[in-house]
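**Student:** Quick one: this structure, given as structure tokens, is what I'll be asking you about.
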Amino acid sequence: MKRILLIKITSLGDMVHTLPLVSDLRRAYPDAAIDWVADASCADIPRWAIGVDRVIAPPLRQFKKNGKKWKDLRGILRAVRELRREKYDVVVDVHGVYKSAIVARLARSPRRFGYAAEFLGEAKAEFAYTDIFGPHGNATCREKMRLVTANALGYTYPEAETNALRIPAPATPLNTDGVPRAMLFHATSAEIKKWPQAHWIAVGQSLAARGFRVQLPWGSEKEHEESRALAAAIPDAEVLPRMSITEVAQRLDAAALVVGMDTGFVHLADALGKPTVMIFTATSCEHFGVQKPGQSVSIGDQGKPPSVEAVLAAIDSVAPKLPGQAGQAGQSGPSHQAAGNVSA
């Protein structure tokens, strides 16, 4: 196996879920070139993945959002030319929608693997595949990708997941005052996923009383307003500025604790090996949750939002002594390789 093409186009959380598969492929084929096709809006994660040789990043979201402008179309055409520059021994589409299937079909490869129609996000995307993945039972989203790819290509993989990332260091060191930061990702992509504001205030006040400085990120003006409202009720809380994906990742890397909803950045915190509590209210904890004893825990479930007390207990289970380790918090390292509850 000389060259492998991996297709996972969006979104941020799905990029993070794919990282263990990259580690498996690199372990199974240490000398192979591994390329990854991802939308330009999410391409930072593949670029940080240790084991990926080339990232092909068409601006598909931008093309749709901007009214299909010629500039974005040129970017897509450039990506297609870059894609077809190489021949691949195998193409692995673990996304399973029309746009990923089209990418698979455009790739120069004799074998293109994808899910059977009943497991695809868009059933007719099956047209692009020469080979269909085998069954995956009730596997989690991360385990499913690892299982079907290993079975398709004929290699074995370890039970423990490995996330290997190299986050760019910030231009100036973060959190140099020795106070441990707790980042609260209260915002969600849908109203149904929200956890009550009063609950966030209670958690933030508890963390502040323990010695954490609470940091509140945001991505839209509405989220900015929500962050300001929370900061007004949490002692010494900090509303962070608008940030790029890279800047958020650097803040995560410097944090002592991350608490948030089932969102891409909270999954990234777990992949970086940070003490993480993930809150579920409207999606499946079993399918999407993170569970690494002593490092990360998921709480709540679809239609079963957790109580404040349950979240505080979850925080205690992953970061009970962090305020006493303030002098060790806040330094970004050049790379991370998290396997189970091990990080480096």
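Simple scheme: letters A, B, ... for chains in structure tokens order, numbers from 1 for residues in each chain, numbers from 1 for ligands in the order shown.
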As a PyMOL selection string, please: all residues of region 72-195 of chain A that backbone DSSP puts in alpha helix (DSSP H).
**Tutor:** chain A and resi 72-83+98-106+141-153
**Student:** Those same residues, written as a short mmCIF file (atom, residue, chain, number, x, y, z; two decimals), in the first residue's frame with N, CA and C atoms?
**Tutor:**
```cif
data_model
loop_
_atom_site.label_atom_id
_atom_site.label_comp_id
_atom_site.auth_asym_id
_atom_site.auth_seq_id
_atom_site.Cartn_x
_atom_site.Cartn_y
_atom_site.Cartn_z
N ASP A 72 -14.78 31.08 -5.39
CA ASP A 72 -14.86 29.81 -4.66
C ASP A 72 -14.88 28.62 -5.61
N LEU A 73 -15.51 28.79 -6.77
CA LEU A 73 -15.50 27.72 -7.77
C LEU A 73 -14.08 27.44 -8.25
N ARG A 74 -13.30 28.49 -8.43
CA ARG A 74 -11.89 28.29 -8.83
C ARG A 74 -11.14 27.50 -7.76
N GLY A 75 -11.44 27.79 -6.49
CA GLY A 75 -10.80 27.04 -5.41
C GLY A 75 -11.16 25.57 -5.45
N ILE A 76 -12.42 25.28 -5.77
CA ILE A 76 -12.85 23.88 -5.88
C ILE A 76 -12.16 23.20 -7.05
N LEU A 77 -12.07 23.89 -8.18
CA LEU A 77 -11.40 23.30 -9.35
C LEU A 77 -9.92 23.05 -9.09
N ARG A 78 -9.29 23.96 -8.35
CA ARG A 78 -7.88 23.73 -7.98
C ARG A 78 -7.74 22.48 -7.13
N ALA A 79 -8.69 22.30 -6.21
CA ALA A 79 -8.64 21.12 -5.35
C ALA A 79 -8.84 19.84 -6.15
N VAL A 80 -9.71 19.88 -7.15
CA VAL A 80 -9.93 18.71 -8.00
C VAL A 80 -8.65 18.37 -8.77
N ARG A 81 -7.99 19.38 -9.29
CA ARG A 81 -6.72 19.13 -10.00
C ARG A 81 -5.68 18.54 -9.05
N GLU A 82 -5.64 19.06 -7.82
CA GLU A 82 -4.70 18.53 -6.83
C GLU A 82 -5.05 17.08 -6.48
N LEU A 83 -6.34 16.80 -6.36
CA LEU A 83 -6.79 15.44 -6.07
C LEU A 83 -6.35 14.46 -7.14
N TYR A 98 -23.38 12.73 -0.80
CA TYR A 98 -23.10 12.97 -2.22
C TYR A 98 -21.74 13.65 -2.44
N LYS A 99 -21.47 14.70 -1.65
CA LYS A 99 -20.24 15.44 -1.93
C LYS A 99 -18.99 14.58 -1.69
N SER A 100 -19.03 13.73 -0.67
CA SER A 100 -17.87 12.86 -0.45
C SER A 100 -17.80 11.76 -1.50
N ALA A 101 -18.97 11.27 -1.93
CA ALA A 101 -18.99 10.25 -2.97
C ALA A 101 -18.45 10.79 -4.29
N ILE A 102 -18.77 12.03 -4.61
CA ILE A 102 -18.25 12.65 -5.83
C ILE A 102 -16.74 12.77 -5.76
N VAL A 103 -16.23 13.16 -4.60
CA VAL A 103 -14.78 13.21 -4.42
C VAL A 103 -14.17 11.83 -4.63
N ALA A 104 -14.78 10.81 -4.04
CA ALA A 104 -14.27 9.44 -4.20
C ALA A 104 -14.25 9.04 -5.67
N ARG A 105 -15.31 9.39 -6.38
CA ARG A 105 -15.41 9.00 -7.80
C ARG A 105 -14.39 9.74 -8.66
N LEU A 106 -14.08 10.97 -8.29
CA LEU A 106 -13.10 11.75 -9.05
C LEU A 106 -11.67 11.28 -8.81
N CYS A 141 -19.44 6.37 16.75
CA CYS A 141 -19.03 6.97 15.48
C CYS A 141 -17.53 6.80 15.23
N ARG A 142 -16.72 6.90 16.27
CA ARG A 142 -15.27 6.72 16.09
C ARG A 142 -14.92 5.26 15.84
N GLU A 143 -15.50 4.38 16.64
CA GLU A 143 -15.21 2.96 16.50
C GLU A 143 -15.67 2.42 15.15
N LYS A 144 -16.81 2.92 14.65
CA LYS A 144 -17.33 2.46 13.36
C LYS A 144 -16.32 2.69 12.25
N MET A 145 -15.74 3.88 12.19
CA MET A 145 -14.77 4.18 11.14
C MET A 145 -13.54 3.29 11.25
N ARG A 146 -13.09 3.07 12.47
CA ARG A 146 -11.92 2.23 12.67
C ARG A 146 -12.21 0.78 12.27
N LEU A 147 -13.38 0.29 12.68
CA LEU A 147 -13.74 -1.11 12.44
C LEU A 147 -13.91 -1.41 10.96
N VAL A 148 -14.71 -0.59 10.27
CA VAL A 148 -15.01 -0.92 8.87
C VAL A 148 -13.78 -0.76 7.99
N THR A 149 -12.94 0.21 8.29
CA THR A 149 -11.73 0.40 7.48
C THR A 149 -10.74 -0.73 7.71
N ALA A 150 -10.55 -1.11 8.95
CA ALA A 150 -9.62 -2.23 9.24
C ALA A 150 -10.10 -3.51 8.59
N ASN A 151 -11.39 -3.80 8.67
CA ASN A 151 -11.92 -5.01 8.04
C ASN A 151 -11.81 -4.95 6.53
N ALA A 152 -12.02 -3.77 5.96
CA ALA A 152 -11.95 -3.63 4.50
C ALA A 152 -10.53 -3.82 3.99
N LEU A 153 -9.56 -3.26 4.70
CA LEU A 153 -8.18 -3.29 4.22
C LEU A 153 -7.38 -4.46 4.80
#
```
**Student:** Skip Pro275 (chain A) itself and residues of its chain fewer than 3 positions away, then list as a list in words all residues within 8 Å of it, counting only C-alpha atoms.
**Tutor:**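 Residues meeting the cut-off are Ala256, Leu257, Val258, Ala269, Asp270, Gly294, Gln295, Ser296, Val318 and Ala319 of chain A.
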**Student:** Write a file of the just-selected residues containing N, CA and C atoms, as a PDB file, in the first residue's frame.
**Tutor:**
```
ATOM      1  N   ALA A 256      -6.832  24.228  31.844  1.00  0.00           N
ATOM      2  CA  ALA A 256      -6.723  23.165  32.838  1.00  0.00           C
ATOM      3  C   ALA A 256      -7.956  22.275  32.840  1.00  0.00           C
ATOM      4  N   LEU A 257      -9.079  22.786  32.320  1.00  0.00           N
ATOM      5  CA  LEU A 257     -10.344  22.053  32.333  1.00  0.00           C
ATOM      6  C   LEU A 257     -11.230  22.605  31.230  1.00  0.00           C
ATOM      7  N   VAL A 258     -11.974  21.715  30.583  1.00  0.00           N
ATOM      8  CA  VAL A 258     -12.941  22.121  29.561  1.00  0.00           C
ATOM      9  C   VAL A 258     -14.273  21.474  29.882  1.00  0.00           C
ATOM     10  N   ALA A 269     -10.885  19.151  22.676  1.00  0.00           N
ATOM     11  CA  ALA A 269     -10.260  19.176  23.995  1.00  0.00           C
ATOM     12  C   ALA A 269      -9.947  17.768  24.471  1.00  0.00           C
ATOM     13  N   ASP A 270     -10.897  16.865  24.301  1.00  0.00           N
ATOM     14  CA  ASP A 270     -10.668  15.471  24.682  1.00  0.00           C
ATOM     15  C   ASP A 270      -9.518  14.868  23.887  1.00  0.00           C
ATOM     16  N   GLY A 294     -10.478   9.247  34.406  1.00  0.00           N
ATOM     17  CA  GLY A 294      -9.497  10.196  34.910  1.00  0.00           C
ATOM     18  C   GLY A 294      -9.230  11.362  33.990  1.00  0.00           C
ATOM     19  N   GLN A 295      -9.737  11.321  32.739  1.00  0.00           N
ATOM     20  CA  GLN A 295      -9.489  12.427  31.815  1.00  0.00           C
ATOM     21  C   GLN A 295     -10.774  13.045  31.281  1.00  0.00           C
ATOM     22  N   SER A 296     -11.696  12.234  30.792  1.00  0.00           N
ATOM     23  CA  SER A 296     -12.890  12.797  30.171  1.00  0.00           C
ATOM     24  C   SER A 296     -14.110  11.966  30.509  1.00  0.00           C
ATOM     25  N   VAL A 318     -12.715  14.164  36.931  1.00  0.00           N
ATOM     26  CA  VAL A 318     -11.617  14.312  35.965  1.00  0.00           C
ATOM     27  C   VAL A 318     -10.593  15.357  36.391  1.00  0.00           C
ATOM     28  N   ALA A 319     -10.977  16.295  37.245  1.00  0.00           N
ATOM     29  CA  ALA A 319     -10.041  17.355  37.612  1.00  0.00           C
ATOM     30  C   ALA A 319     -10.183  17.748  39.074  1.00  0.00           C
TER      31      ALA A 319
END
```
**Student:** Considering only C-alpha atoms, return as a list in words whatever protein or nucleic-acid residues lie within 10 Å of Gly219 (chain A), sequence-local ones (same chain, fewer than 3 positions apart) excluded.
**Tutor:** Ala187, Thr188, Lys222, Glu223, His224, Pro241, Arg242, Met243 and Ser244 of chain A
**Student:** Rounded to one decimal place, report the CA of His95 (chain A)-CA of Val52 (chain A) distance in Å.
**Tutor:**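 That distance, rounded to one decimal, is 17.3 Å.
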**Student:** Run DSSP on the backbone and give me the residues of region 58-273 of chain A it puts in strand (DSSP E), as a CSV table (one decimal) with C-alpha atoms, in the first residue's frame.
**Tutor:**
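Contents of the output file part09.csv:
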```csv
chain,number,residue,atom,x,y,z
A,90,VAL,CA,-7.4,2.8,-2.2
A,91,VAL,CA,-10.0,5.5,-1.4
A,92,VAL,CA,-11.8,5.3,2.0
A,93,ASP,CA,-14.9,7.5,2.2
A,112,ARG,CA,-13.2,3.0,-3.6
A,113,PHE,CA,-14.7,1.9,-0.2
A,114,GLY,CA,-17.9,3.3,1.2
A,131,ASP,CA,-16.4,-1.9,-2.5
A,132,ILE,CA,-18.8,-1.7,0.4
A,162,THR,CA,-4.8,7.3,19.6
A,163,ASN,CA,-5.2,11.0,18.7
A,164,ALA,CA,-1.9,12.4,17.4
A,165,LEU,CA,-2.0,16.2,16.9
A,181,ARG,CA,-8.3,28.3,33.2
A,182,ALA,CA,-11.6,26.5,32.8
A,183,MET,CA,-13.2,27.0,29.4
A,184,LEU,CA,-17.0,26.7,29.3
A,185,PHE,CA,-18.4,26.0,25.8
A,213,ARG,CA,-10.6,31.5,36.1
A,214,VAL,CA,-13.6,30.8,33.8
A,215,GLN,CA,-13.1,31.6,30.1
A,216,LEU,CA,-16.1,32.0,27.8
A,238,GLU,CA,-13.2,36.3,31.0
A,239,VAL,CA,-15.2,36.7,27.8
A,257,LEU,CA,-10.3,22.1,32.3
A,258,VAL,CA,-12.9,22.1,29.6
A,259,VAL,CA,-16.7,21.8,30.2
A,260,GLY,CA,-19.1,22.1,27.3
A,261,MET,CA,-21.9,20.7,25.1
```
**Student:** For Pro170 (chain A), which residue among A:Thr276, A:Lys2, A:Gln250, A:Lys304 is the nearest when counting only C-alpha atoms?
**Tutor:**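 For Pro170 (chain A), the nearest of the candidates is A:Gln250.
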**Student:** State, in Å with one decimal place, the distance from CA of Ala57 (chain A) to CA of Lys8 (chain A).
**Tutor:**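 We find that CA of Ala57 (chain A) and CA of Lys8 (chain A) lie 10.7 Å from each other.
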